[in-house]
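**Q** After the C-alpha cells below, expect a handful of questions from me.
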Amino acid sequence: MATGISFTLHATDGRARTGVIATPRGEIRTPAFMPVGTAGTVKAMMPDSVRATGADILLGNTYHLMLRPGAERVARLGGLHGFMNWERPILTDSGGFQVMSLSSLRKMTEEGVTFSSHVDGSKHVLTPERSMEIQRLLGSDIVMAFDECTPFPATEAVSVESMRRSMRWAQRSRDAFGDRPGHALFGIQQGSVFRDQREESAEALKGVGFDGYAVGGLAVGEGQAMMFEVLDYAPGMLPEDRPRYLMGVGKPDDIVGAVKRGIDMMDCVLPSRSGRTGQAWTRRGQVNLRNARHADDPRPLDEQCGCPACRNYSRAYLHHVVRANEMIAGMLLTWHNLHYFQEIMAGMRGAIAEGRFEGWEADFHAFRAQGDIEPL
C-alpha cells in the first residue's frame with residue numbers, strides 16, 4: 001500500500017474480517033462505518049460528538065465541496081481536516097455518483113463528464129484527472145478513483161460499456177494520483193449484477209494496482225436480496241490483503257450482511273438523514289418518533305443505549321421536539337443513530353475476533369424481530 005498507510009487483518013470468522021487500517025492521522029478499526037460529512041459537516045453534529053460515537057473516519061463529498069465552497073478555497077484555508085476541525089482520517093468519494101444522480105444537463109464522453117451545478121447552474125467538467133486534483137486539494141487520506149456509477153437496471157451491453165469506461169478511468173486516476181506518501185487511492189469495481197463483468201473489472205483493477213478496493217454500483221435500487229447475491233462473490237474477487245469498501249450502504253441489516261460476506265468499510269447518509277426526519281434506529285428496529293404513541297412515554301428510546309438522547313431524554317420529549325420541528329430533535333436523533341451504527345460495528349469486530357460472529361448475528365436478527373417495546 002501507499003507509504004504511510006497499511007492494512008492489517010487481525011482475524012476472520014467465515015468470510016467476515018476484522019483488522020486495522022493505519023494512517024498518519026490515526027487508526028481505522030474494521031469493519032468500519034463512515035458517517036457522511038457531505039459538505040464538510042456531519043449534519044446536526046459537532047466533530048467531537050461524531051468522534052464520541054466511535055467513528056474513526058468520515059466521508060467527504062468531492063462533488064458538493066468542489067461546487068461550494070470550492071476545492072481551491074479549502075486548500076488555501078489549510079485543507080479539509082483543518083477547515084472542518086476533524087483531525088482524523090477522511091475518505092473522499094470521486095464525485096461520479098453525484099454527477100450521475102444530481103446534475104441536470106450532463107454530458108458524458110470518454111474524457112469525462114460536463115454538467116451543470118445543482119446549486120447555481122454553472123458549468124463544470126469532471127474528469128479522472130480533475131477528480132484527483134480536487135481530492136488532493138481537499139487533502140483527504142483515502143482518495144477514490146473516478147468512475148461512472150452504472151444505473152440500475154442496466155442491460156448487459158450498457159453495463160459492460162460503463163464498466164470498461166470506469167476501468168479506463170481507473171488507470172487515468174492512478175496515473176494522475178501519482179506518488180503521495182501518507183495518502184491511499186482506492187479503485188472501484190463495477191459490473192452491475194453480472195458476475196463475469198465483476199470478474200473482468202476486478203482483474204482490470206488488480207492490473208492497475210490500488211491501495212484498497214471498493215465494490216461500487218450496488219445499493220442503487222436492486223434490493224437487498226440481489227445485492228447480497230453479488231456480495232456472495234464480488235468481494236472474493238478483490239485482493240485479500242487490501243481493504244474492501246462497499247459504497248453507500250446502508251441499513252443495519254445491510255451492513256451486517258455485507259460484513260458477513262467479507263466487506264471491511266461502509267458509508268451511508270441514513271443515520272443522519274433519518275435523525276433529521278424523526279426516525280431512530282434501535283436494536284429493536286426502526287422507531288418513528290412522530291407517532292402519537294410516544295407523547296406520554298417517560299421511557300428512553302433504548303434503555304440499553306448510552307448515547308445522550310437515551311441517557312438524558314424521554315420518548316415523550318423526543319416526540320415533542322420532533323413534532324415542534326426543534327433543532328435539538330435532529331441533533332439528538334442523529335447522535336443516537338450514529339452511536340447505534342458504531343455499536344453494531346464494535347459488536348461485529350469483537351465477535352469476529354472471538355470467533356462468535358454467527359451467534360452475534362443470530363442475536364442481532366432476533367432482537368430486531370421483536371419490534372419496538374410495547375406502548376404504555
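How things are named: the first chain in the C-alpha cells is A, the next is B, and so on; residues count from 1 in each chain; ligands count from 1 in the order shown.
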As a PDB file with N, CA, C and O atoms, in the first residue's frame, please: the residues near range 228-236 of chain A (cut-off 12 Å, only C-alpha atoms, same-chain neighbours under 2 positions excluded).

**A**
ATOM      1  N   ARG A  15     -16.370 -15.568   6.283  1.00  0.00           N
ATOM      2  CA  ARG A  15     -15.795 -14.552   5.391  1.00  0.00           C
ATOM      3  C   ARG A  15     -15.694 -13.184   6.059  1.00  0.00           C
ATOM      4  O   ARG A  15     -15.142 -12.244   5.487  1.00  0.00           O
ATOM      5  N   ALA A  16     -16.269 -13.062   7.266  1.00  0.00           N
ATOM      6  CA  ALA A  16     -16.193 -11.788   7.994  1.00  0.00           C
ATOM      7  C   ALA A  16     -14.766 -11.561   8.489  1.00  0.00           C
ATOM      8  O   ALA A  16     -14.092 -12.505   8.893  1.00  0.00           O
ATOM      9  N   ARG A  17     -14.310 -10.300   8.418  1.00  0.00           N
ATOM     10  CA  ARG A  17     -12.918  -9.965   8.749  1.00  0.00           C
ATOM     11  C   ARG A  17     -12.870  -8.796   9.724  1.00  0.00           C
ATOM     12  O   ARG A  17     -13.731  -7.926   9.695  1.00  0.00           O
ATOM     13  N   ILE A 188     -12.459   1.151  -7.881  1.00  0.00           N
ATOM     14  CA  ILE A 188     -13.865   0.787  -7.678  1.00  0.00           C
ATOM     15  C   ILE A 188     -14.310  -0.257  -8.701  1.00  0.00           C
ATOM     16  O   ILE A 188     -14.312  -0.007  -9.908  1.00  0.00           O
ATOM     17  N   GLN A 189     -14.687  -1.425  -8.197  1.00  0.00           N
ATOM     18  CA  GLN A 189     -15.199  -2.498  -9.059  1.00  0.00           C
ATOM     19  C   GLN A 189     -16.615  -2.146  -9.514  1.00  0.00           C
ATOM     20  O   GLN A 189     -17.454  -1.730  -8.717  1.00  0.00           O
ATOM     21  N   GLN A 190     -16.872  -2.313 -10.810  1.00  0.00           N
ATOM     22  CA  GLN A 190     -18.214  -2.131 -11.354  1.00  0.00           C
ATOM     23  C   GLN A 190     -18.636  -3.419 -12.062  1.00  0.00           C
ATOM     24  O   GLN A 190     -17.955  -4.427 -11.961  1.00  0.00           O
ATOM     25  N   GLY A 191     -19.762  -3.385 -12.773  1.00  0.00           N
ATOM     26  CA  GLY A 191     -20.234  -4.587 -13.445  1.00  0.00           C
ATOM     27  C   GLY A 191     -21.659  -4.937 -13.088  1.00  0.00           C
ATOM     28  O   GLY A 191     -22.126  -6.039 -13.399  1.00  0.00           O
ATOM     29  N   SER A 192     -22.342  -4.007 -12.405  1.00  0.00           N
ATOM     30  CA  SER A 192     -23.761  -4.181 -12.063  1.00  0.00           C
ATOM     31  C   SER A 192     -23.977  -5.536 -11.379  1.00  0.00           C
ATOM     32  O   SER A 192     -23.258  -5.880 -10.445  1.00  0.00           O
ATOM     33  N   VAL A 193     -24.936  -6.327 -11.857  1.00  0.00           N
ATOM     34  CA  VAL A 193     -25.249  -7.612 -11.205  1.00  0.00           C
ATOM     35  C   VAL A 193     -24.758  -8.795 -12.053  1.00  0.00           C
ATOM     36  O   VAL A 193     -25.238  -9.910 -11.905  1.00  0.00           O
ATOM     37  N   PHE A 194     -23.774  -8.517 -12.924  1.00  0.00           N
ATOM     38  CA  PHE A 194     -23.281  -9.545 -13.846  1.00  0.00           C
ATOM     39  C   PHE A 194     -21.922 -10.075 -13.377  1.00  0.00           C
ATOM     40  O   PHE A 194     -20.935  -9.341 -13.360  1.00  0.00           O
ATOM     41  N   ARG A 195     -21.894 -11.333 -13.011  1.00  0.00           N
ATOM     42  CA  ARG A 195     -20.703 -11.927 -12.397  1.00  0.00           C
ATOM     43  C   ARG A 195     -19.471 -11.832 -13.298  1.00  0.00           C
ATOM     44  O   ARG A 195     -18.366 -11.506 -12.831  1.00  0.00           O
ATOM     45  N   ASP A 196     -19.630 -12.130 -14.592  1.00  0.00           N
ATOM     46  CA  ASP A 196     -18.468 -12.096 -15.488  1.00  0.00           C
ATOM     47  C   ASP A 196     -17.909 -10.678 -15.610  1.00  0.00           C
ATOM     48  O   ASP A 196     -16.694 -10.488 -15.712  1.00  0.00           O
ATOM     49  N   GLN A 197     -18.801  -9.677 -15.555  1.00  0.00           N
ATOM     50  CA  GLN A 197     -18.336  -8.288 -15.626  1.00  0.00           C
ATOM     51  C   GLN A 197     -17.613  -7.886 -14.342  1.00  0.00           C
ATOM     52  O   GLN A 197     -16.612  -7.157 -14.379  1.00  0.00           O
ATOM     53  N   ARG A 198     -18.111  -8.345 -13.216  1.00  0.00           N
ATOM     54  CA  ARG A 198     -17.443  -8.070 -11.929  1.00  0.00           C
ATOM     55  C   ARG A 198     -16.036  -8.666 -11.940  1.00  0.00           C
ATOM     56  O   ARG A 198     -15.072  -8.054 -11.454  1.00  0.00           O
ATOM     57  N   GLU A 199     -15.922  -9.866 -12.494  1.00  0.00           N
ATOM     58  CA  GLU A 199     -14.621 -10.546 -12.583  1.00  0.00           C
ATOM     59  C   GLU A 199     -13.662  -9.762 -13.480  1.00  0.00           C
ATOM     60  O   GLU A 199     -12.500  -9.527 -13.122  1.00  0.00           O
ATOM     61  N   GLU A 200     -14.162  -9.348 -14.637  1.00  0.00           N
ATOM     62  CA  GLU A 200     -13.332  -8.569 -15.571  1.00  0.00           C
ATOM     63  C   GLU A 200     -12.873  -7.265 -14.921  1.00  0.00           C
ATOM     64  O   GLU A 200     -11.713  -6.858 -15.046  1.00  0.00           O
ATOM     65  N   SER A 201     -13.802  -6.615 -14.215  1.00  0.00           N
ATOM     66  CA  SER A 201     -13.486  -5.358 -13.542  1.00  0.00           C
ATOM     67  C   SER A 201     -12.417  -5.561 -12.468  1.00  0.00           C
ATOM     68  O   SER A 201     -11.452  -4.789 -12.370  1.00  0.00           O
ATOM     69  N   ALA A 202     -12.579  -6.612 -11.659  1.00  0.00           N
ATOM     70  CA  ALA A 202     -11.605  -6.894 -10.592  1.00  0.00           C
ATOM     71  C   ALA A 202     -10.216  -7.141 -11.172  1.00  0.00           C
ATOM     72  O   ALA A 202      -9.203  -6.654 -10.640  1.00  0.00           O
ATOM     73  N   GLU A 203     -10.158  -7.897 -12.266  1.00  0.00           N
ATOM     74  CA  GLU A 203      -8.861  -8.194 -12.892  1.00  0.00           C
ATOM     75  C   GLU A 203      -8.214  -6.909 -13.419  1.00  0.00           C
ATOM     76  O   GLU A 203      -6.997  -6.711 -13.282  1.00  0.00           O
ATOM     77  N   GLY A 212      -6.583  -0.038  -1.958  1.00  0.00           N
ATOM     78  CA  GLY A 212      -7.801  -0.632  -1.436  1.00  0.00           C
ATOM     79  C   GLY A 212      -8.777  -0.736  -2.587  1.00  0.00           C
ATOM     80  O   GLY A 212      -8.541  -0.160  -3.667  1.00  0.00           O
ATOM     81  N   TYR A 213      -9.856  -1.475  -2.384  1.00  0.00           N
ATOM     82  CA  TYR A 213     -10.794  -1.732  -3.482  1.00  0.00           C
ATOM     83  C   TYR A 213     -12.225  -1.588  -2.986  1.00  0.00           C
ATOM     84  O   TYR A 213     -12.582  -2.107  -1.925  1.00  0.00           O
ATOM     85  N   ALA A 214     -13.033  -0.884  -3.774  1.00  0.00           N
ATOM     86  CA  ALA A 214     -14.440  -0.710  -3.424  1.00  0.00           C
ATOM     87  C   ALA A 214     -15.316  -1.557  -4.339  1.00  0.00           C
ATOM     88  O   ALA A 214     -14.954  -1.809  -5.493  1.00  0.00           O
ATOM     89  N   VAL A 215     -16.449  -1.982  -3.800  1.00  0.00           N
ATOM     90  CA  VAL A 215     -17.489  -2.608  -4.607  1.00  0.00           C
ATOM     91  C   VAL A 215     -18.503  -1.505  -4.884  1.00  0.00           C
ATOM     92  O   VAL A 215     -19.198  -1.051  -3.969  1.00  0.00           O
ATOM     93  N   GLY A 216     -18.533  -1.026  -6.120  1.00  0.00           N
ATOM     94  CA  GLY A 216     -19.437   0.059  -6.490  1.00  0.00           C
ATOM     95  C   GLY A 216     -20.655  -0.462  -7.223  1.00  0.00           C
ATOM     96  O   GLY A 216     -20.758  -1.664  -7.527  1.00  0.00           O
ATOM     97  N   GLY A 217     -21.579   0.427  -7.499  1.00  0.00           N
ATOM     98  CA  GLY A 217     -22.730   0.067  -8.331  1.00  0.00           C
ATOM     99  C   GLY A 217     -23.763  -0.798  -7.644  1.00  0.00           C
ATOM    100  O   GLY A 217     -24.612  -1.401  -8.306  1.00  0.00           O
ATOM    101  N   LEU A 218     -23.727  -0.872  -6.292  1.00  0.00           N
ATOM    102  CA  LEU A 218     -24.778  -1.567  -5.549  1.00  0.00           C
ATOM    103  C   LEU A 218     -25.520  -0.550  -4.684  1.00  0.00           C
ATOM    104  O   LEU A 218     -25.121   0.610  -4.595  1.00  0.00           O
ATOM    105  N   ALA A 219     -26.597  -0.995  -4.037  1.00  0.00           N
ATOM    106  CA  ALA A 219     -27.450  -0.088  -3.255  1.00  0.00           C
ATOM    107  C   ALA A 219     -27.971   1.047  -4.137  1.00  0.00           C
ATOM    108  O   ALA A 219     -28.047   2.202  -3.727  1.00  0.00           O
ATOM    109  N   GLU A 222     -31.387  -2.171  -6.561  1.00  0.00           N
ATOM    110  CA  GLU A 222     -31.517  -3.591  -6.929  1.00  0.00           C
ATOM    111  C   GLU A 222     -32.164  -4.421  -5.816  1.00  0.00           C
ATOM    112  O   GLU A 222     -32.571  -5.552  -6.044  1.00  0.00           O
ATOM    113  N   GLY A 223     -32.236  -3.863  -4.608  1.00  0.00           N
ATOM    114  CA  GLY A 223     -32.831  -4.604  -3.485  1.00  0.00           C
ATOM    115  C   GLY A 223     -31.800  -5.428  -2.753  1.00  0.00           C
ATOM    116  O   GLY A 223     -30.756  -5.804  -3.296  1.00  0.00           O
ATOM    117  N   GLN A 224     -32.116  -5.738  -1.480  1.00  0.00           N
ATOM    118  CA  GLN A 224     -31.139  -6.421  -0.631  1.00  0.00           C
ATOM    119  C   GLN A 224     -30.776  -7.816  -1.138  1.00  0.00           C
ATOM    120  O   GLN A 224     -29.610  -8.199  -1.139  1.00  0.00           O
ATOM    121  N   ALA A 225     -31.780  -8.581  -1.577  1.00  0.00           N
ATOM    122  CA  ALA A 225     -31.517  -9.963  -1.998  1.00  0.00           C
ATOM    123  C   ALA A 225     -30.507  -9.996  -3.145  1.00  0.00           C
ATOM    124  O   ALA A 225     -29.545 -10.783  -3.135  1.00  0.00           O
ATOM    125  N   MET A 226     -30.702  -9.121  -4.125  1.00  0.00           N
ATOM    126  CA  MET A 226     -29.797  -9.093  -5.278  1.00  0.00           C
ATOM    127  C   MET A 226     -28.423  -8.544  -4.881  1.00  0.00           C
ATOM    128  O   MET A 226     -27.391  -9.025  -5.359  1.00  0.00           O
ATOM    129  N   LEU A 238     -11.530  -9.586  -5.094  1.00  0.00           N
ATOM    130  CA  LEU A 238     -10.592  -8.487  -4.795  1.00  0.00           C
ATOM    131  C   LEU A 238      -9.487  -8.987  -3.871  1.00  0.00           C
ATOM    132  O   LEU A 238      -9.678  -9.948  -3.129  1.00  0.00           O
ATOM    133  N   PRO A 239      -8.311  -8.344  -3.894  1.00  0.00           N
ATOM    134  CA  PRO A 239      -7.181  -8.824  -3.091  1.00  0.00           C
ATOM    135  C   PRO A 239      -7.532  -8.933  -1.602  1.00  0.00           C
ATOM    136  O   PRO A 239      -8.149  -8.034  -1.039  1.00  0.00           O
ATOM    137  N   GLU A 240      -7.101 -10.032  -1.002  1.00  0.00           N
ATOM    138  CA  GLU A 240      -7.417 -10.296   0.404  1.00  0.00           C
ATOM    139  C   GLU A 240      -6.659  -9.380   1.350  1.00  0.00           C
ATOM    140  O   GLU A 240      -7.109  -9.116   2.466  1.00  0.00           O
ATOM    141  N   ASP A 241      -5.502  -8.899   0.902  1.00  0.00           N
ATOM    142  CA  ASP A 241      -4.642  -8.120   1.800  1.00  0.00           C
ATOM    143  C   ASP A 241      -4.904  -6.614   1.712  1.00  0.00           C
ATOM    144  O   ASP A 241      -4.111  -5.810   2.197  1.00  0.00           O
ATOM    145  N   ARG A 242      -5.998  -6.242   1.082  1.00  0.00           N
ATOM    146  CA  ARG A 242      -6.358  -4.820   0.984  1.00  0.00           C
ATOM    147  C   ARG A 242      -7.778  -4.617   1.511  1.00  0.00           C
ATOM    148  O   ARG A 242      -8.611  -5.526   1.432  1.00  0.00           O
ATOM    149  N   PRO A 243      -8.088  -3.408   2.010  1.00  0.00           N
ATOM    150  CA  PRO A 243      -9.447  -3.159   2.492  1.00  0.00           C
ATOM    151  C   PRO A 243     -10.463  -3.233   1.353  1.00  0.00           C
ATOM    152  O   PRO A 243     -10.155  -2.875   0.213  1.00  0.00           O
ATOM    153  N   ARG A 244     -11.664  -3.702   1.696  1.00  0.00           N
ATOM    154  CA  ARG A 244     -12.768  -3.782   0.731  1.00  0.00           C
ATOM    155  C   ARG A 244     -13.911  -2.907   1.230  1.00  0.00           C
ATOM    156  O   ARG A 244     -14.405  -3.096   2.339  1.00  0.00           O
ATOM    157  N   TYR A 245     -14.333  -2.001   0.379  1.00  0.00           N
ATOM    158  CA  TYR A 245     -15.268  -0.945   0.772  1.00  0.00           C
ATOM    159  C   TYR A 245     -16.538  -1.051  -0.060  1.00  0.00           C
ATOM    160  O   TYR A 245     -16.485  -1.005  -1.282  1.00  0.00           O
ATOM    161  N   LEU A 246     -17.666  -1.207   0.606  1.00  0.00           N
ATOM    162  CA  LEU A 246     -18.969  -1.233  -0.082  1.00  0.00           C
ATOM    163  C   LEU A 246     -19.577   0.150   0.009  1.00  0.00           C
ATOM    164  O   LEU A 246     -19.911   0.630   1.095  1.00  0.00           O
ATOM    165  N   VAL A 249     -23.757   1.988   1.661  1.00  0.00           N
ATOM    166  CA  VAL A 249     -24.588   1.016   2.410  1.00  0.00           C
ATOM    167  C   VAL A 249     -24.371   1.256   3.904  1.00  0.00           C
ATOM    168  O   VAL A 249     -23.235   1.434   4.344  1.00  0.00           O
ATOM    169  N   ASP A 253     -29.279  -4.062   8.825  1.00  0.00           N
ATOM    170  CA  ASP A 253     -29.186  -5.453   8.350  1.00  0.00           C
ATOM    171  C   ASP A 253     -28.402  -5.572   7.040  1.00  0.00           C
ATOM    172  O   ASP A 253     -27.812  -6.621   6.757  1.00  0.00           O
ATOM    173  N   ASP A 254     -28.344  -4.494   6.240  1.00  0.00           N
ATOM    174  CA  ASP A 254     -27.468  -4.476   5.054  1.00  0.00           C
ATOM    175  C   ASP A 254     -26.006  -4.544   5.492  1.00  0.00           C
ATOM    176  O   ASP A 254     -25.190  -5.263   4.905  1.00  0.00           O
ATOM    177  N   ILE A 255     -25.678  -3.752   6.513  1.00  0.00           N
ATOM    178  CA  ILE A 255     -24.295  -3.661   6.998  1.00  0.00           C
ATOM    179  C   ILE A 255     -23.827  -5.009   7.535  1.00  0.00           C
ATOM    180  O   ILE A 255     -22.744  -5.493   7.205  1.00  0.00           O
ATOM    181  N   VAL A 256     -24.669  -5.640   8.354  1.00  0.00           N
ATOM    182  CA  VAL A 256     -24.307  -6.936   8.938  1.00  0.00           C
ATOM    183  C   VAL A 256     -24.142  -7.988   7.832  1.00  0.00           C
ATOM    184  O   VAL A 256     -23.181  -8.762   7.832  1.00  0.00           O
ATOM    185  N   GLY A 257     -25.050  -7.977   6.859  1.00  0.00           N
ATOM    186  CA  GLY A 257     -24.966  -8.921   5.748  1.00  0.00           C
ATOM    187  C   GLY A 257     -23.741  -8.698   4.883  1.00  0.00           C
ATOM    188  O   GLY A 257     -23.150  -9.651   4.361  1.00  0.00           O
ATOM    189  N   ALA A 258     -23.329  -7.435   4.749  1.00  0.00           N
ATOM    190  CA  ALA A 258     -22.142  -7.120   3.947  1.00  0.00           C
ATOM    191  C   ALA A 258     -20.868  -7.581   4.653  1.00  0.00           C
ATOM    192  O   ALA A 258     -19.972  -8.169   4.035  1.00  0.00           O
ATOM    193  N   VAL A 259     -20.794  -7.324   5.956  1.00  0.00           N
ATOM    194  CA  VAL A 259     -19.617  -7.749   6.727  1.00  0.00           C
ATOM    195  C   VAL A 259     -19.506  -9.275   6.709  1.00  0.00           C
ATOM    196  O   VAL A 259     -18.426  -9.832   6.550  1.00  0.00           O
ATOM    197  N   LYS A 260     -20.636  -9.938   6.827  1.00  0.00           N
ATOM    198  CA  LYS A 260     -20.681 -11.403   6.773  1.00  0.00           C
ATOM    199  C   LYS A 260     -20.074 -11.911   5.464  1.00  0.00           C
ATOM    200  O   LYS A 260     -19.514 -13.010   5.403  1.00  0.00           O
ATOM    201  N   ARG A 261     -20.173 -11.104   4.411  1.00  0.00           N
ATOM    202  CA  ARG A 261     -19.696 -11.502   3.081  1.00  0.00           C
ATOM    203  C   ARG A 261     -18.316 -10.927   2.735  1.00  0.00           C
ATOM    204  O   ARG A 261     -17.916 -10.945   1.577  1.00  0.00           O
ATOM    205  N   GLY A 262     -17.615 -10.395   3.734  1.00  0.00           N
ATOM    206  CA  GLY A 262     -16.217 -10.014   3.505  1.00  0.00           C
ATOM    207  C   GLY A 262     -15.944  -8.547   3.281  1.00  0.00           C
ATOM    208  O   GLY A 262     -14.860  -8.184   2.816  1.00  0.00           O
ATOM    209  N   ILE A 263     -16.902  -7.664   3.616  1.00  0.00           N
ATOM    210  CA  ILE A 263     -16.708  -6.217   3.432  1.00  0.00           C
ATOM    211  C   ILE A 263     -16.100  -5.609   4.697  1.00  0.00           C
ATOM    212  O   ILE A 263     -16.461  -5.979   5.811  1.00  0.00           O
ATOM    213  N   ASP A 264     -15.175  -4.637   4.518  1.00  0.00           N
ATOM    214  CA  ASP A 264     -14.465  -4.014   5.642  1.00  0.00           C
ATOM    215  C   ASP A 264     -14.913  -2.591   5.955  1.00  0.00           C
ATOM    216  O   ASP A 264     -14.708  -2.110   7.072  1.00  0.00           O
ATOM    217  N   MET A 265     -15.455  -1.878   4.968  1.00  0.00           N
ATOM    218  CA  MET A 265     -15.803  -0.463   5.155  1.00  0.00           C
ATOM    219  C   MET A 265     -17.126  -0.169   4.477  1.00  0.00           C
ATOM    220  O   MET A 265     -17.417  -0.725   3.420  1.00  0.00           O
TER     221      MET A 265
END

**Q** Mind checking which residues fall within 6 Å of range 327-343 of chain A, counting only C-alpha atoms, ignoring those fewer than 5 positions away in the same chain, and posting them as a PyMOL selection string?

**A** chain A and resi 44+53-54+271-272+275-276+281+307+309+321-322

**Q** Using only C-alpha atoms, which residue out of A:Glu72, A:Phe367, A:Glu156, A:Ala280 lies closest to His319 in chain A?

**A** A:Ala280

**Q** Quick one: DSSP helix (DSSP H, G or I) residues in range 169-284 of chain A, as a ChimeraX atom specification?

**A** /A:169-177,195-208,224-231,235-237,252-260,270-275

**Q** Keeping only N, CA and C atoms, write the selected residues as a compact mmCIF listing (two decimals), in the first residue's frame.

**A**
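What landed in again25.txt:
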# COMPACT_ATOMS: atom_id res chain seq x y z
N TRP A 169 -10.91 4.84 -16.82
CA TRP A 169 -10.79 5.99 -15.91
C TRP A 169 -10.00 5.63 -14.66
N ALA A 170 -10.07 4.36 -14.23
CA ALA A 170 -9.31 3.91 -13.05
C ALA A 170 -7.81 4.05 -13.33
N GLN A 171 -7.38 3.65 -14.55
CA GLN A 171 -5.97 3.78 -14.92
C GLN A 171 -5.56 5.25 -14.95
N ARG A 172 -6.43 6.10 -15.52
CA ARG A 172 -6.13 7.54 -15.56
C ARG A 172 -6.08 8.14 -14.15
N SER A 173 -6.96 7.66 -13.28
CA SER A 173 -6.95 8.13 -11.89
C SER A 173 -5.63 7.76 -11.22
N ARG A 174 -5.20 6.51 -11.42
CA ARG A 174 -3.93 6.04 -10.84
C ARG A 174 -2.76 6.89 -11.33
N ASP A 175 -2.75 7.15 -12.65
CA ASP A 175 -1.66 7.94 -13.23
C ASP A 175 -1.66 9.36 -12.66
N ALA A 176 -2.85 9.96 -12.54
CA ALA A 176 -2.96 11.34 -12.06
C ALA A 176 -2.70 11.45 -10.56
N PHE A 177 -3.00 10.39 -9.81
CA PHE A 177 -2.80 10.39 -8.36
C PHE A 177 -1.31 10.50 -8.04
N ARG A 195 -21.89 -11.33 -13.01
CA ARG A 195 -20.70 -11.93 -12.40
C ARG A 195 -19.47 -11.83 -13.30
N ASP A 196 -19.63 -12.13 -14.59
CA ASP A 196 -18.47 -12.10 -15.49
C ASP A 196 -17.91 -10.68 -15.61
N GLN A 197 -18.80 -9.68 -15.55
CA GLN A 197 -18.34 -8.29 -15.63
C GLN A 197 -17.61 -7.89 -14.34
N ARG A 198 -18.11 -8.35 -13.22
CA ARG A 198 -17.44 -8.07 -11.93
C ARG A 198 -16.04 -8.67 -11.94
N GLU A 199 -15.92 -9.87 -12.49
CA GLU A 199 -14.62 -10.55 -12.58
C GLU A 199 -13.66 -9.76 -13.48
N GLU A 200 -14.16 -9.35 -14.64
CA GLU A 200 -13.33 -8.57 -15.57
C GLU A 200 -12.87 -7.27 -14.92
N SER A 201 -13.80 -6.62 -14.22
CA SER A 201 -13.49 -5.36 -13.54
C SER A 201 -12.42 -5.56 -12.47
N ALA A 202 -12.58 -6.61 -11.66
CA ALA A 202 -11.60 -6.89 -10.59
C ALA A 202 -10.22 -7.14 -11.17
N GLU A 203 -10.16 -7.90 -12.27
CA GLU A 203 -8.86 -8.19 -12.89
C GLU A 203 -8.21 -6.91 -13.42
N ALA A 204 -9.03 -6.05 -14.02
CA ALA A 204 -8.50 -4.78 -14.54
C ALA A 204 -7.94 -3.92 -13.40
N LEU A 205 -8.67 -3.86 -12.30
CA LEU A 205 -8.23 -3.04 -11.16
C LEU A 205 -6.95 -3.60 -10.55
N LYS A 206 -6.88 -4.93 -10.43
CA LYS A 206 -5.66 -5.54 -9.88
C LYS A 206 -4.47 -5.28 -10.80
N GLY A 207 -4.74 -5.22 -12.09
CA GLY A 207 -3.69 -4.92 -13.05
C GLY A 207 -3.14 -3.51 -12.87
N VAL A 208 -4.02 -2.58 -12.53
CA VAL A 208 -3.59 -1.19 -12.29
C VAL A 208 -2.87 -1.11 -10.95
N GLN A 224 -32.12 -5.74 -1.48
CA GLN A 224 -31.14 -6.42 -0.63
C GLN A 224 -30.78 -7.82 -1.14
N ALA A 225 -31.78 -8.58 -1.58
CA ALA A 225 -31.52 -9.96 -2.00
C ALA A 225 -30.51 -10.00 -3.14
N MET A 226 -30.70 -9.12 -4.12
CA MET A 226 -29.80 -9.09 -5.28
C MET A 226 -28.42 -8.54 -4.88
N MET A 227 -28.42 -7.56 -3.99
CA MET A 227 -27.14 -7.01 -3.51
C MET A 227 -26.34 -8.11 -2.82
N PHE A 228 -26.98 -8.87 -1.93
CA PHE A 228 -26.28 -9.95 -1.24
C PHE A 228 -25.80 -11.03 -2.21
N GLU A 229 -26.60 -11.26 -3.25
CA GLU A 229 -26.21 -12.24 -4.28
C GLU A 229 -24.87 -11.84 -4.91
N VAL A 230 -24.74 -10.55 -5.24
CA VAL A 230 -23.48 -10.05 -5.82
C VAL A 230 -22.36 -10.12 -4.77
N LEU A 231 -22.68 -9.77 -3.52
CA LEU A 231 -21.66 -9.77 -2.47
C LEU A 231 -21.23 -11.19 -2.09
N PRO A 235 -16.67 -9.55 -3.36
CA PRO A 235 -15.50 -9.22 -2.51
C PRO A 235 -14.36 -10.23 -2.67
N GLY A 236 -14.70 -11.50 -2.87
CA GLY A 236 -13.68 -12.54 -3.02
C GLY A 236 -12.84 -12.40 -4.28
N MET A 237 -13.31 -11.58 -5.24
CA MET A 237 -12.54 -11.34 -6.46
C MET A 237 -11.44 -10.29 -6.23
N PRO A 252 -29.01 -1.16 8.98
CA PRO A 252 -28.26 -2.07 9.85
C PRO A 252 -28.17 -3.50 9.33
N ASP A 253 -29.28 -4.06 8.82
CA ASP A 253 -29.19 -5.45 8.35
C ASP A 253 -28.40 -5.57 7.04
N ASP A 254 -28.34 -4.49 6.24
CA ASP A 254 -27.47 -4.48 5.05
C ASP A 254 -26.01 -4.54 5.49
N ILE A 255 -25.68 -3.75 6.51
CA ILE A 255 -24.29 -3.66 7.00
C ILE A 255 -23.83 -5.01 7.53
N VAL A 256 -24.67 -5.64 8.35
CA VAL A 256 -24.31 -6.94 8.94
C VAL A 256 -24.14 -7.99 7.83
N GLY A 257 -25.05 -7.98 6.86
CA GLY A 257 -24.97 -8.92 5.75
C GLY A 257 -23.74 -8.70 4.88
N ALA A 258 -23.33 -7.44 4.75
CA ALA A 258 -22.14 -7.12 3.95
C ALA A 258 -20.87 -7.58 4.65
N VAL A 259 -20.79 -7.32 5.96
CA VAL A 259 -19.62 -7.75 6.73
C VAL A 259 -19.51 -9.27 6.71
N LYS A 260 -20.64 -9.94 6.83
CA LYS A 260 -20.68 -11.40 6.77
C LYS A 260 -20.07 -11.91 5.46
N LEU A 270 -27.83 7.43 5.84
CA LEU A 270 -29.05 7.01 6.53
C LEU A 270 -29.14 7.43 8.00
N PRO A 271 -28.12 7.18 8.85
CA PRO A 271 -28.29 7.55 10.26
C PRO A 271 -28.54 9.03 10.47
N SER A 272 -27.83 9.88 9.70
CA SER A 272 -28.02 11.32 9.89
C SER A 272 -29.30 11.80 9.21
N ARG A 273 -29.57 11.31 8.02
CA ARG A 273 -30.80 11.74 7.33
C ARG A 273 -32.05 11.29 8.10
N SER A 274 -32.04 10.05 8.59
CA SER A 274 -33.17 9.55 9.38
C SER A 274 -33.36 10.39 10.64
N GLY A 275 -32.23 10.73 11.28
CA GLY A 275 -32.31 11.51 12.52
C GLY A 275 -32.98 12.85 12.32
